[in-house]
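Below: target36.txt (compact mmCIF, C-alpha atoms)
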```
# COMPACT_ATOMS: atom_id res chain seq x y z
CA MET A 82 0.00 0.00 0.00
CA ALA A 83 1.16 3.50 -0.71
CA LYS A 84 2.26 5.49 2.32
CA ASN A 85 2.29 9.24 2.57
CA PRO A 86 5.82 10.68 2.90
CA VAL A 87 6.74 13.03 5.72
CA PRO A 88 6.28 16.62 4.50
CA HIS A 89 9.35 18.80 4.13
CA GLN A 90 7.92 21.94 5.75
CA THR A 91 10.29 23.11 8.46
CA ALA A 92 7.83 24.74 10.88
CA HIS A 93 5.75 22.42 13.01
CA PRO A 94 2.08 22.93 12.04
CA ILE A 95 1.02 23.45 15.68
CA SER A 96 2.97 26.71 15.70
CA GLN A 97 0.40 28.22 13.30
CA PHE A 98 -2.56 27.87 15.67
CA PRO A 99 -3.85 30.39 18.23
CA ALA A 100 -2.39 30.25 21.73
CA ASP A 101 -5.75 29.29 23.25
CA PHE A 102 -6.45 26.47 20.79
CA LEU A 103 -7.36 23.25 22.66
CA TRP A 104 -5.12 20.24 21.99
CA GLY A 105 -6.06 16.76 23.11
CA VAL A 106 -6.24 13.04 22.41
CA SER A 107 -9.23 10.68 22.45
CA THR A 108 -10.03 7.14 23.59
CA SER A 109 -13.18 5.15 24.42
CA ALA A 110 -14.01 3.02 27.44
CA HIS A 111 -14.75 -0.32 25.79
CA GLN A 112 -11.64 -0.10 23.62
CA ILE A 113 -9.13 0.45 26.44
CA GLU A 114 -10.50 -0.16 29.93
CA GLY A 115 -10.66 -3.95 30.17
CA ALA A 116 -11.68 -5.16 33.65
CA ALA A 117 -14.85 -6.60 32.13
CA ASP A 118 -15.47 -8.58 35.32
CA THR A 119 -16.03 -5.33 37.27
CA ARG A 120 -18.96 -4.06 35.19
CA GLU A 121 -22.18 -5.38 33.75
CA ALA A 122 -22.22 -6.62 30.17
CA SER A 123 -22.56 -4.38 27.13
CA VAL A 124 -23.86 -5.16 23.66
CA TRP A 125 -20.24 -5.42 22.59
CA ASP A 126 -19.57 -8.21 25.09
CA ALA A 127 -22.52 -10.11 23.63
CA PHE A 128 -21.42 -9.38 20.05
CA THR A 129 -17.81 -10.48 20.51
CA ALA A 130 -18.90 -13.70 22.25
CA VAL A 131 -20.24 -14.94 18.91
CA ALA A 132 -17.60 -16.66 16.78
CA GLY A 133 -16.69 -14.86 13.57
CA GLN A 134 -17.87 -11.39 14.59
CA VAL A 135 -14.34 -10.05 15.24
CA LYS A 136 -11.55 -10.48 12.72
CA ASP A 137 -9.00 -12.00 15.13
CA GLY A 138 -11.55 -13.63 17.42
CA SER A 139 -10.61 -11.32 20.29
CA THR A 140 -12.64 -9.46 22.90
CA ALA A 141 -12.12 -6.32 24.97
CA ALA A 142 -12.18 -8.19 28.28
CA VAL A 143 -8.65 -6.94 29.02
CA ALA A 144 -7.92 -4.53 26.14
CA CYS A 145 -5.28 -2.03 27.39
CA ASP A 146 -6.13 -2.71 31.05
CA HIS A 147 -6.59 1.04 31.46
CA TYR A 148 -8.88 0.40 34.42
CA HIS A 149 -5.86 -0.74 36.44
CA ARG A 150 -3.19 1.29 34.62
CA TYR A 151 -4.90 4.68 34.35
CA ARG A 152 -2.23 6.43 36.44
CA GLU A 153 0.46 5.27 34.00
CA ASP A 154 -1.66 6.46 31.08
CA VAL A 155 -2.32 9.86 32.66
CA ALA A 156 1.44 10.22 33.19
CA LEU A 157 1.90 9.56 29.47
CA LEU A 158 -0.72 12.23 28.71
CA ALA A 159 1.14 14.67 30.93
CA GLY A 160 4.40 13.82 29.21
CA LEU A 161 2.78 14.45 25.84
CA GLY A 162 1.73 17.93 26.93
CA VAL A 163 -1.90 17.93 25.81
CA ASP A 164 -4.46 20.31 27.30
CA ALA A 165 -7.34 17.84 27.38
CA TYR A 166 -8.17 14.16 27.38
CA ARG A 167 -11.33 12.93 25.71
CA PHE A 168 -12.35 9.57 27.17
CA SER A 169 -15.72 7.87 27.40
CA ILE A 170 -17.72 6.75 30.40
CA SER A 171 -19.09 3.22 30.26
CA TRP A 172 -22.82 3.14 30.97
CA PRO A 173 -22.53 -0.58 31.91
CA ARG A 174 -19.78 0.29 34.41
CA VAL A 175 -21.82 3.10 35.95
CA ASN A 176 -24.70 0.62 36.33
CA SER A 177 -22.41 -1.60 38.41
CA PRO A 178 -21.65 -1.20 42.15
CA GLY A 179 -18.78 1.24 42.61
CA GLY A 180 -18.54 1.85 38.86
CA LEU A 181 -18.44 5.61 39.14
CA ASP A 182 -15.58 5.37 41.63
CA PHE A 183 -13.23 4.56 38.75
CA TYR A 184 -14.15 7.75 36.89
CA ASP A 185 -13.82 9.73 40.12
CA ARG A 186 -10.24 8.50 40.40
CA LEU A 187 -9.50 9.12 36.73
CA VAL A 188 -10.89 12.66 36.78
CA ASP A 189 -8.96 13.46 39.96
CA GLU A 190 -5.76 12.14 38.39
CA LEU A 191 -6.31 14.23 35.25
CA CYS A 192 -7.03 17.38 37.23
CA ALA A 193 -3.91 16.85 39.37
CA ALA A 194 -1.87 16.61 36.14
CA GLY A 195 -3.41 19.83 34.78
CA ILE A 196 -5.29 18.00 32.02
CA ARG A 197 -8.90 18.91 31.27
CA PRO A 198 -11.23 15.87 31.41
CA VAL A 199 -13.64 15.72 28.45
CA PRO A 200 -15.94 12.71 28.92
CA THR A 201 -18.14 11.23 26.20
CA LEU A 202 -21.29 9.78 27.72
CA PHE A 203 -22.06 7.20 25.04
CA HIS A 204 -19.42 5.61 22.80
CA TRP A 205 -21.26 2.51 21.54
CA ASP A 206 -21.02 0.28 24.65
CA LEU A 207 -24.75 0.10 25.40
CA PRO A 208 -25.89 -2.02 28.35
CA VAL A 209 -27.31 -5.31 27.08
CA ALA A 210 -30.68 -4.47 28.63
CA GLU A 211 -31.04 -1.37 26.45
CA ASP A 212 -31.92 -0.99 22.77
CA TRP A 213 -31.81 2.25 20.76
CA LEU A 214 -34.68 0.90 18.66
CA THR A 215 -36.81 1.45 21.77
CA ARG A 216 -37.80 5.00 22.71
CA ASP A 217 -37.47 4.42 26.46
CA THR A 218 -33.72 3.99 26.07
CA ALA A 219 -33.43 7.72 25.36
CA SER A 220 -35.04 8.51 28.71
CA ARG A 221 -32.90 6.02 30.59
CA PHE A 222 -29.81 7.50 28.92
CA ALA A 223 -30.76 10.91 30.32
CA GLU A 224 -31.19 9.38 33.78
CA TYR A 225 -27.72 7.84 33.58
CA VAL A 226 -26.29 11.18 32.41
CA SER A 227 -27.83 12.91 35.43
CA VAL A 228 -26.15 10.42 37.77
CA VAL A 229 -22.75 10.95 36.13
CA ALA A 230 -23.06 14.75 36.08
CA ALA A 231 -24.03 14.85 39.74
CA ARG A 232 -20.88 12.91 40.63
CA LEU A 233 -18.31 14.47 38.29
CA GLY A 234 -19.73 17.85 37.32
CA ASP A 235 -17.72 19.78 39.91
CA ARG A 236 -14.50 18.85 38.05
CA VAL A 237 -15.65 18.32 34.45
CA PRO A 238 -16.10 21.54 32.47
CA LYS A 239 -16.71 20.07 29.01
CA TRP A 240 -19.10 17.24 28.07
CA ILE A 241 -19.85 15.17 24.95
CA THR A 242 -23.21 13.41 24.74
CA LEU A 243 -22.88 10.90 21.87
CA ASN A 244 -20.08 9.61 19.70
CA GLU A 245 -20.83 8.88 16.03
CA PRO A 246 -24.52 7.95 16.05
CA ALA A 247 -24.27 7.59 12.26
CA GLU A 248 -21.79 4.73 12.50
CA HIS A 249 -23.59 3.14 15.43
CA THR A 250 -26.81 3.18 13.40
CA LEU A 251 -25.30 2.05 10.10
CA LEU A 252 -22.83 -0.56 11.32
CA GLY A 253 -24.63 -1.72 14.44
CA HIS A 254 -28.27 -1.70 13.38
CA ALA A 255 -28.42 -1.58 9.57
CA LEU A 256 -25.53 -3.76 8.36
CA GLY A 257 -24.74 -5.99 11.35
CA ALA A 258 -20.99 -5.34 11.24
CA HIS A 259 -20.90 -3.92 14.78
CA ALA A 260 -22.82 -4.56 17.98
CA PRO A 261 -25.66 -5.16 18.51
CA GLY A 262 -25.51 -6.86 15.10
CA GLY A 263 -28.81 -5.78 13.55
CA LYS A 264 -29.25 -6.16 9.79
CA LEU A 265 -32.31 -3.97 9.44
CA LEU A 266 -31.17 -1.69 6.58
CA PHE A 267 -33.60 1.26 6.51
CA ASP A 268 -35.67 -0.20 9.35
CA ALA A 269 -32.74 0.89 11.55
CA LEU A 270 -33.80 4.56 11.30
CA PRO A 271 -35.57 4.54 14.69
CA ALA A 272 -32.17 3.88 16.28
CA ALA A 273 -30.93 7.12 14.73
CA HIS A 274 -33.92 9.07 15.99
CA HIS A 275 -33.77 7.68 19.50
CA GLN A 276 -30.04 8.40 19.79
CA LEU A 277 -30.68 11.99 18.73
CA LEU A 278 -33.55 12.23 21.21
CA GLY A 279 -31.29 10.78 23.90
CA HIS A 280 -28.75 13.46 23.04
CA GLY A 281 -31.31 16.23 23.48
CA LEU A 282 -32.53 14.80 26.80
CA ALA A 283 -28.91 14.46 27.92
CA VAL A 284 -28.24 18.11 27.09
CA GLN A 285 -31.24 19.05 29.24
CA ALA A 286 -29.97 16.86 32.07
CA LEU A 287 -26.49 18.37 31.86
CA ARG A 288 -27.86 21.92 31.84
CA ALA A 289 -29.95 21.07 34.91
CA SER A 290 -26.76 19.94 36.64
CA GLY A 291 -25.08 23.28 35.88
CA ALA A 292 -23.01 22.26 32.82
CA ARG A 293 -22.27 25.13 30.45
CA ASP A 294 -19.92 23.56 27.88
CA ILE A 295 -21.70 20.79 25.97
CA GLY A 296 -21.18 19.30 22.53
CA VAL A 297 -21.61 16.15 20.46
CA ALA A 298 -19.13 14.14 18.36
CA ASN A 299 -20.52 13.37 14.91
CA SER A 300 -18.53 11.76 12.10
CA HIS A 301 -18.59 13.64 8.82
CA GLY A 302 -16.79 13.59 5.50
CA PRO A 303 -17.24 14.93 1.99
CA THR A 304 -19.24 12.74 -0.38
CA TRP A 305 -17.86 12.68 -3.91
CA PRO A 306 -19.98 11.39 -6.82
CA ALA A 307 -18.27 8.64 -8.81
CA SER A 308 -18.94 10.62 -12.00
CA GLN A 309 -21.10 13.43 -13.32
CA ASP A 310 -23.68 10.92 -14.50
CA PRO A 311 -27.05 11.98 -12.96
CA ALA A 312 -27.49 8.52 -11.43
CA ASP A 313 -24.15 8.78 -9.63
CA ILE A 314 -24.90 12.31 -8.43
CA GLU A 315 -28.30 11.23 -7.13
CA ALA A 316 -26.78 8.27 -5.29
CA ALA A 317 -24.03 10.46 -3.77
CA ASP A 318 -26.60 13.02 -2.62
CA PHE A 319 -28.60 10.28 -0.91
CA TYR A 320 -25.53 8.87 0.82
CA ASP A 321 -24.56 12.36 2.00
CA LEU A 322 -28.05 12.85 3.35
CA LEU A 323 -27.88 9.58 5.35
CA LEU A 324 -24.36 9.89 6.73
CA ASN A 325 -24.03 13.64 7.16
CA ARG A 326 -27.26 15.62 7.11
CA LEU A 327 -29.46 13.05 8.90
CA PHE A 328 -27.42 13.67 12.05
CA ALA A 329 -26.42 17.33 11.63
CA ASP A 330 -29.66 18.92 10.41
CA PRO A 331 -31.81 17.92 13.42
CA LEU A 332 -29.16 19.11 15.86
CA LEU A 333 -28.34 22.39 14.13
CA LEU A 334 -31.52 23.27 12.23
CA GLY A 335 -34.18 21.49 14.28
CA GLU A 336 -35.45 19.56 11.27
CA TYR A 337 -34.79 16.39 9.32
CA PRO A 338 -33.80 16.55 5.65
CA SER A 339 -36.84 16.44 3.37
CA GLY A 340 -38.53 13.04 3.35
CA LEU A 341 -36.73 11.56 6.36
CA GLY A 342 -38.81 12.98 9.18
CA GLU A 343 -41.82 11.02 7.95
CA LEU A 344 -39.86 7.80 8.47
CA MET A 345 -39.12 8.47 12.13
CA PRO A 346 -41.22 7.17 15.04
CA GLY A 347 -43.23 9.16 17.57
CA ASP A 348 -44.16 12.84 17.64
CA VAL A 349 -41.24 13.96 15.50
CA ALA A 350 -42.02 17.69 15.68
CA ALA A 351 -42.04 17.62 19.48
CA ASP A 352 -38.90 15.45 19.59
CA LEU A 353 -37.03 17.84 17.28
CA LYS A 354 -37.48 20.64 19.81
CA VAL A 355 -35.59 18.48 22.31
CA ILE A 356 -33.03 17.21 19.81
CA SER A 357 -32.10 20.77 18.79
CA GLU A 358 -31.30 21.99 22.31
CA PRO A 359 -28.59 24.66 21.77
CA LEU A 360 -25.01 23.38 21.80
CA ASP A 361 -21.93 25.25 22.98
CA TRP A 362 -19.83 23.62 20.28
CA TYR A 363 -20.11 20.96 17.59
CA GLY A 364 -17.66 18.05 17.41
CA ILE A 365 -16.57 16.58 14.09
CA ASN A 366 -14.71 13.29 13.65
CA TYR A 367 -12.97 13.27 10.27
CA TYR A 368 -11.17 10.41 8.56
CA ALA A 369 -11.78 10.48 4.79
CA PRO A 370 -14.15 11.41 1.97
CA THR A 371 -16.38 8.76 0.41
CA ARG A 372 -16.79 8.23 -3.34
CA VAL A 373 -20.31 7.10 -4.16
CA GLY A 374 -22.11 6.00 -7.30
CA ALA A 375 -25.31 4.38 -8.43
CA PRO A 376 -25.98 0.80 -7.25
CA GLN A 377 -24.15 -1.83 -9.26
CA GLY A 378 -26.36 -4.82 -8.50
CA ASP A 379 -23.81 -6.79 -6.47
CA GLU A 380 -22.50 -6.90 -2.92
CA ILE A 381 -19.47 -4.64 -2.48
CA GLU A 382 -16.52 -5.20 -0.15
CA PHE A 383 -15.47 -1.81 1.16
CA GLY A 384 -13.27 -0.92 4.15
CA GLY A 385 -13.77 -4.35 5.70
CA LEU A 386 -17.55 -4.18 5.20
CA THR A 387 -19.86 -6.11 2.92
CA LEU A 388 -22.42 -3.67 1.54
CA PRO A 389 -25.59 -5.40 0.35
CA ALA A 390 -26.71 -5.09 -3.25
CA GLU A 391 -30.11 -3.66 -2.31
CA LEU A 392 -28.66 -0.35 -1.08
CA PRO A 393 -29.57 2.58 -3.37
CA PHE A 394 -25.89 3.51 -3.76
CA SER A 395 -22.50 1.87 -4.09
CA VAL A 396 -19.26 2.96 -2.46
CA ARG A 397 -16.31 3.17 -4.86
CA GLU A 398 -12.57 3.30 -4.35
CA ILE A 399 -10.88 6.70 -4.23
CA GLU A 400 -7.84 6.45 -6.47
CA GLY A 401 -4.75 8.63 -6.60
CA HIS A 402 -4.28 8.97 -2.84
CA PRO A 403 -2.17 7.00 -0.37
CA VAL A 404 -4.05 4.74 2.01
CA THR A 405 -3.71 3.72 5.64
CA ASP A 406 -3.34 0.06 6.53
CA PHE A 407 -7.12 0.08 7.02
CA GLY A 408 -7.39 0.90 3.32
CA TRP A 409 -8.81 4.36 4.01
CA PRO A 410 -7.64 7.09 1.59
CA VAL A 411 -5.50 9.86 3.05
CA VAL A 412 -7.09 13.11 1.85
CA PRO A 413 -6.16 16.06 4.09
CA ALA A 414 -7.83 18.54 1.74
CA GLY A 415 -11.09 16.72 2.43
CA LEU A 416 -11.03 18.17 5.94
CA THR A 417 -10.78 21.70 4.58
CA GLU A 418 -13.56 20.95 2.10
CA LEU A 419 -15.79 19.49 4.81
CA LEU A 420 -15.35 22.36 7.26
CA THR A 421 -15.85 25.14 4.75
CA ALA A 422 -18.95 23.38 3.40
CA PHE A 423 -20.33 23.00 6.93
CA ALA A 424 -19.78 26.66 7.67
CA SER A 425 -21.53 27.60 4.43
CA ARG A 426 -24.48 25.21 4.91
CA TYR A 427 -25.24 25.99 8.55
CA ALA A 428 -23.97 29.58 8.78
CA ASP A 429 -24.99 31.22 12.07
CA ARG A 430 -26.67 28.00 13.28
CA LEU A 431 -23.25 26.35 13.53
CA PRO A 432 -21.54 26.85 16.90
CA PRO A 433 -17.74 26.73 17.22
CA ILE A 434 -16.25 23.44 16.04
CA LEU A 435 -13.93 20.99 17.75
CA ILE A 436 -12.25 18.21 15.78
CA THR A 437 -13.02 15.45 18.26
CA GLU A 438 -11.29 12.67 16.29
CA ASN A 439 -8.73 12.53 13.52
CA GLY A 440 -6.17 9.80 13.12
CA CYS A 441 -4.97 6.77 11.21
CA SER A 442 -4.01 3.13 11.53
CA TYR A 443 -0.42 2.19 10.75
CA PRO A 444 1.84 -0.51 12.20
CA GLY A 445 5.18 -0.01 13.89
CA ILE A 446 6.73 2.26 16.49
CA ASP A 447 8.74 4.42 14.07
CA ASP A 448 5.46 5.54 12.52
CA GLN A 449 6.58 8.17 10.04
CA ALA A 450 3.40 7.68 8.00
CA ARG A 451 1.31 8.73 11.02
CA ILE A 452 3.47 11.83 11.47
CA ALA A 453 2.86 12.72 7.83
CA TYR A 454 -0.86 12.12 8.25
CA LEU A 455 -1.14 14.37 11.30
CA ASP A 456 1.09 17.04 9.81
CA THR A 457 -0.90 17.33 6.60
CA HIS A 458 -4.28 17.21 8.34
CA LEU A 459 -3.30 19.94 10.78
CA ARG A 460 -2.22 22.12 7.85
CA ALA A 461 -5.56 21.42 6.15
CA LEU A 462 -7.36 22.32 9.36
CA HIS A 463 -5.48 25.59 9.54
CA ASP A 464 -6.43 26.31 5.93
CA ALA A 465 -10.11 25.99 6.94
CA MET A 466 -9.58 28.36 9.84
CA ARG A 467 -7.90 30.89 7.56
CA ALA A 468 -10.97 30.60 5.33
CA GLY A 469 -13.08 31.74 8.28
CA VAL A 470 -14.24 28.49 9.93
CA ASP A 471 -14.39 28.84 13.72
CA VAL A 472 -12.46 25.82 15.01
CA ARG A 473 -11.42 25.83 18.67
CA GLY A 474 -9.65 22.50 19.21
CA TYR A 475 -8.27 19.23 17.84
CA PHE A 476 -8.15 15.73 19.36
CA VAL A 477 -6.00 12.96 17.91
CA TRP A 478 -7.45 9.45 17.70
CA SER A 479 -5.98 7.77 19.64
CA LEU A 480 -3.74 7.83 22.69
CA LEU A 481 -3.25 4.05 22.77
CA ASP A 482 -3.36 1.13 20.40
CA ASN A 483 -6.59 -0.57 21.40
CA PHE A 484 -9.43 -2.96 20.64
CA GLU A 485 -10.57 -1.71 17.25
CA TRP A 486 -14.12 -3.02 17.34
CA ALA A 487 -14.78 -5.68 14.67
CA GLU A 488 -11.12 -5.51 13.62
CA GLY A 489 -10.00 -6.67 17.07
CA TYR A 490 -6.33 -5.94 17.69
CA THR A 491 -5.32 -5.99 14.02
CA ARG A 492 -5.36 -2.19 13.59
CA ARG A 493 -3.22 0.26 15.52
CA PHE A 494 -4.34 3.88 15.81
CA GLY A 495 -2.30 4.83 18.87
CA LEU A 496 0.38 7.41 19.50
CA ILE A 497 1.54 4.82 22.04
CA HIS A 498 2.24 1.20 21.13
CA VAL A 499 0.68 -1.38 23.44
CA ASP A 500 2.02 -4.92 23.73
CA PHE A 501 -1.23 -6.67 24.52
CA ASP A 502 0.57 -9.68 26.07
CA THR A 503 2.61 -7.66 28.59
CA GLN A 504 0.65 -4.35 28.57
CA THR A 505 3.95 -2.53 28.02
CA ARG A 506 3.42 1.00 26.67
CA THR A 507 5.99 2.38 24.21
CA PRO A 508 5.57 5.93 22.86
CA LYS A 509 5.88 5.99 19.08
CA ALA A 510 7.70 8.50 16.90
CA SER A 511 4.37 10.30 16.40
CA TYR A 512 4.08 10.81 20.17
CA ALA A 513 7.48 12.52 20.17
CA TRP A 514 6.52 14.60 17.13
CA LEU A 515 3.30 15.81 18.72
CA ARG A 516 5.05 16.49 22.04
CA LYS A 517 7.63 18.63 20.23
CA GLY A 518 4.90 20.70 18.61
CA LEU A 519 2.97 21.16 21.85
CA ARG A 520 6.10 22.19 23.73
CA GLY A 521 6.87 24.78 21.07
CA ARG A 522 3.62 26.69 21.56
CA GLY A 523 3.66 30.32 22.62
```
structure tokens encoding of this file:
Amino acid sequence: MAKNPVPHQTAHPISQFPADFLWGVSTSAHQIEGAADTREASVWDAFTAVAGQVKDGSTAAVACDHYHRYREDVALLAGLGVDAYRFSISWPRVNSPGGLDFYDRLVDELCAAGIRPVPTLFHWDLPVAEDWLTRDTASRFAEYVSVVAARLGDRVPKWITLNEPAEHTLLGHALGAHAPGGKLLFDALPAAHHQLLGHGLAVQALRASGARDIGVANSHGPTWPASQDPADIEAADFYDLLLNRLFADPLLLGEYPSGLGELMPGDVAADLKVISEPLDWYGINYYAPTRVGAPQGDEIEFGGLTLPAELPFSVREIEGHPVTDFGWPVVPAGLTELLTAFASRYADRLPPILITENGCSYPGIDDQARIAYLDTHLRALHDAMRAGVDVRGYFVWSLLDNFEWAEGYTRRFGLIHVDFDTQTRTPKASYAWLRKGLRGRG
């Protein structure tokens, strides 16, 4: 596979950003915590217990053992020099006796190190008793959020409600590639609506607890038509509507894209008033554009997924760009394109933006390809800011190599290498590169 070379620019890209720009890294609970015997089961525990669901047959029962090694990991964060740490809180752990004690300890450790805790309240690890296809789950999510905010709100200034409801809906409910394994295709749309409703109820619960800095983390990327053929353009527009606008329009405009609201359950007009509770900032996870064309009548293998023939679009390869070892194209300019398009589409309805995830999977500790990836994406981000987009922060995915969902331990996104047999942490070249840039600020 082609790898992107390290750029030859002499100045570190971080030096271009404002002094008050927020720099951080991201993780998620199920992917790093381990200690599965100290919490109740999640849908991911049930999913990975079925043979063949995970590429290497692994589970996250131990993962990075962050539950026991969090002090070591916070020390690595402090050594990196980031301002903030985005982690997620496990709803199944909070449901378990003493589960919140772990997050108390973690938040205290972060605060003592001068690192701002930025918790995500749902990052895919749903308790097995819950189901986003059911409306009541949104209410129970808000109840859980209230419990967490009451315990941690005195030390947590910034909150994230949901992570990537688009992927959780598509992969977990529509295609069956992720937990809980539903293969409902368009009958999965209630899961999208109920997650968005849960978000709105969570915002209300956080506001009631006194929180004043709340956002969401949605995945977005440009959609490129495979050609200028009207059929390809129509298919690309539909894909963009499903993966981008279905989750941004209700939050930012208080409405679904034309034709989709009618497919959602319940009193949609009343729900949209809750879903569109004002946000203090909007989080965007960016990885790559998607090239889309008209359906081709066959199943398509794409990015480790099998896309069924009955979908009204087909995903095509993006040629002419290097790829990560996940096979994802490396297109830094796509980030500039996405952000400027967002600012144009949503105008004054768009709050300040945080890049809540951006990163890549590459093997090895001397990870020059990751350095090149981060360098070029930060320059593309700065280009968007120079074009007038209000971006306030950037979080790298991820701090640690981890359990990469259905890929198991076969993909490594971390700035820090983890030997999963010994749990030894080894900072990679990219960790040193980022540390150098952060130390050179101001």
So that I can check the surroundings of segment 308-323 of chain A, please list as an MDAnalysis selection string every protein, DNA and RNA residue that reaches within 12 Å of it, counting all atoms listed in the file and ignoring chain neighbours fewer than 2 positions away.
chainID A and resid 246:248 250:251 255 266:267 269:270 273 300:306 325:331 337:341 370:377 392:397 399 419
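Compared by their closest atoms to Asp502 of chain A, and using all atoms listed in the file, the residues A:Asp146, A:Glu485, A:Glu400, A:Asp379 rank with A:Asp146 nearest.
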Out of A:Leu324, A:Leu332, A:Val143, A:Ala92, which residue has the shortest atom-to-atom distance to Lys517 of chain A when counting all atoms listed in the file?
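Of A:Leu324, A:Leu332, A:Val143, A:Ala92, the one nearest Lys517 of chain A, counting all atoms listed in the file, is A:Ala92.
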Which protein, DNA or RNA residues are at most 10 Å from (-30.6, 25.3, 23.5) in the file's coordinates when you count all atoms listed in the file, listed as an NGL selection string?
:A and (281 or 284-285 or 288 or 332 or 354-361)
d(atom CA of His259 of chain A, atom CA of Thr119 of chain A) in Å
23.1 Å
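Minimum distance to Leu187 of chain A across A:Gly263, A:Gly364, A:Pro200, A:Gly521 (counting only C-alpha atoms) occurs at A:Pro200.
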